[in-house]
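Chemist: Data file data32.pdb (PDB, C-alpha atoms) is appended below.
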```
ATOM      1  CA  ASN A  14      17.874  -6.494 -24.537
ATOM      2  CA  GLU A  15      14.750  -5.226 -22.756
ATOM      3  CA  PRO A  16      13.294  -1.889 -23.824
ATOM      4  CA  SER A  17      13.288   0.736 -21.115
ATOM      5  CA  CYS A  18       9.996   2.503 -20.628
ATOM      6  CA  THR A  19       7.748   4.221 -18.141
ATOM      7  CA  ALA A  20       4.599   2.145 -17.676
ATOM      8  CA  GLY A  21       1.660   4.137 -18.997
ATOM      9  CA  ASP A  22       3.636   6.762 -20.927
ATOM     10  CA  VAL A  23       2.899   5.109 -24.264
ATOM     11  CA  ASN A  24       3.885   8.097 -26.442
ATOM     12  CA  SER A  25       6.999   8.875 -24.330
ATOM     13  CA  ASP A  26       6.121  12.530 -23.769
ATOM     14  CA  GLY A  27       6.740  12.407 -20.022
ATOM     15  CA  ILE A  28       3.108  12.629 -18.907
ATOM     16  CA  TYR A  29       0.103  10.316 -18.599
ATOM     17  CA  ASN A  30      -2.910  11.632 -20.507
ATOM     18  CA  VAL A  31      -5.720  10.745 -22.882
ATOM     19  CA  LEU A  32      -3.240  10.374 -25.763
ATOM     20  CA  ASP A  33      -1.635   7.427 -23.969
ATOM     21  CA  ILE A  34      -5.079   5.905 -23.383
ATOM     22  CA  VAL A  35      -6.056   6.311 -27.061
ATOM     23  CA  ALA A  36      -2.810   4.690 -28.206
ATOM     24  CA  THR A  37      -3.310   1.754 -25.825
ATOM     25  CA  VAL A  38      -6.914   1.274 -26.980
ATOM     26  CA  ASN A  39      -5.663   1.245 -30.581
ATOM     27  CA  PHE A  40      -3.176  -1.516 -29.688
ATOM     28  CA  VAL A  41      -5.853  -3.566 -27.893
ATOM     29  CA  LEU A  42      -8.200  -3.227 -30.873
ATOM     30  CA  SER A  43      -5.321  -4.080 -33.276
ATOM     31  CA  LEU A  44      -5.772  -0.766 -35.098
ATOM     32  CA  GLN A  45      -2.059  -0.033 -34.619
ATOM     33  CA  THR A  46       0.984  -2.159 -33.848
ATOM     34  CA  PRO A  47       3.201  -0.889 -31.029
ATOM     35  CA  ASP A  48       6.971  -0.733 -31.319
ATOM     36  CA  GLU A  49       9.033  -2.285 -28.495
ATOM     37  CA  ASN A  50       8.977   0.773 -26.228
ATOM     38  CA  GLN A  51       5.269   1.420 -26.816
ATOM     39  CA  ALA A  52       4.455  -2.213 -26.059
ATOM     40  CA  CYS A  53       6.516  -2.013 -22.875
ATOM     41  CA  ALA A  54       4.733   1.169 -21.757
ATOM     42  CA  ALA A  55       1.246  -0.023 -22.778
ATOM     43  CA  ASP A  56       1.621  -3.165 -20.633
ATOM     44  CA  VAL A  57       0.834  -1.077 -17.546
ATOM     45  CA  ASN A  58       0.280  -4.041 -15.206
ATOM     46  CA  GLY A  59       3.372  -5.877 -16.480
ATOM     47  CA  ASP A  60       1.681  -9.190 -17.248
ATOM     48  CA  GLY A  61       3.170  -9.498 -20.735
ATOM     49  CA  ILE A  62       0.013  -8.731 -22.711
ATOM     50  CA  ILE A  63      -1.730  -5.501 -23.673
ATOM     51  CA  ASN A  64      -5.439  -5.743 -22.904
ATOM     52  CA  VAL A  65      -8.387  -3.993 -21.255
ATOM     53  CA  LEU A  66      -6.777  -4.384 -17.805
ATOM     54  CA  ASP A  67      -3.942  -2.133 -18.973
ATOM     55  CA  ILE A  68      -6.467   0.418 -20.234
ATOM     56  CA  VAL A  69      -8.207   0.448 -16.837
ATOM     57  CA  SER A  70      -4.875   0.828 -15.036
ATOM     58  CA  LEU A  71      -3.853   3.650 -17.354
ATOM     59  CA  VAL A  72      -7.173   5.468 -16.915
ATOM     60  CA  ASN A  73      -6.605   5.266 -13.147
ATOM     61  CA  LEU A  74      -3.103   6.717 -13.576
ATOM     62  CA  VAL A  75      -4.460   9.604 -15.652
ATOM     63  CA  ILE A  76      -7.266  10.323 -13.181
ATOM     64  CA  SER A  77      -4.892  10.258 -10.204
ATOM     65  CA  ASN A  78      -2.508  12.788 -11.814
TER      66      ASN A  78
END
```
Would you mind writing the structure in this file as structure tokens?
Modeler:
Amino acid sequence: NEPSCTAGDVNSDGIYNVLDIVATVNFVLSLQTPDENQACAADVNGDGIINVLDIVSLVNLVISN
């Protein structure tokens, strides 16, 4: 049962912003543990892991909006 999410919208508020970036950084640094939907959304590039590449992709999403 796959979680449904919008890639990049880590806090599920309907927009991409610095709050999503901060949450993703916290997951990458292991300061917080994402739930299923957060993990789905934080994996912006869809490669199955949350890492700096997802942060870069998310920053690009925020800048382009």
Chemist: Can you measure CA of Ala54 (chain A) to CA of Asn73 (chain A) for me? One decimal in Å is fine.
Modeler: 14.8 Å
Chemist: Tell me which protein, DNA and RNA residues are within 10 Å of Ser17 (chain A), counting all atoms listed in the file, leaving out same-chain ones fewer than 4 positions away, and put them as a list of chain:residue names.
Modeler: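 The contact residues come out as A:Glu49, A:Asn50, A:Gln51, A:Cys53, A:Ala54.
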Chemist: Given the PyMOL selection byres ((chain A and resi 78) around 10) and the file above, list the residues it selects as a VMD selection string.
Modeler: chain A and resid 28 to 30 73 to 77
Chemist: List the residues matched by the PyMOL selection byres ((chain A and resi 55-58) around 8) in the displayed structure as a PyMOL selection string, ordered by chain and then by residue number.
Modeler: chain A and resi 20-23+37+51-54+59-64+66-68+70-71
Chemist: Please report the interatomic distance between CA of Thr19 (chain A) and CA of Val38 (chain A) in Å with one decimal.
Modeler: 17.4 Å
Chemist: How many Å lie between CA of Val41 (chain A) and CA of Val65 (chain A), rounded to one decimal?
Modeler: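 Straight-line distance from CA of Val41 (chain A) to CA of Val65 (chain A) works out to 7.1 Å.
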Chemist: Once 8 Å is added on each side, what centre and edge lengths in Å to one decimal does the axis-aligned box around all listed atoms of region 47-59 of chain A have, as lines of an AutoDock Vina configuration file?
Modeler:
```
center_x = 4.7
center_y = -2.2
center_z = -23.3
size_x = 24.8
size_y = 23.3
size_z = 32.1
```
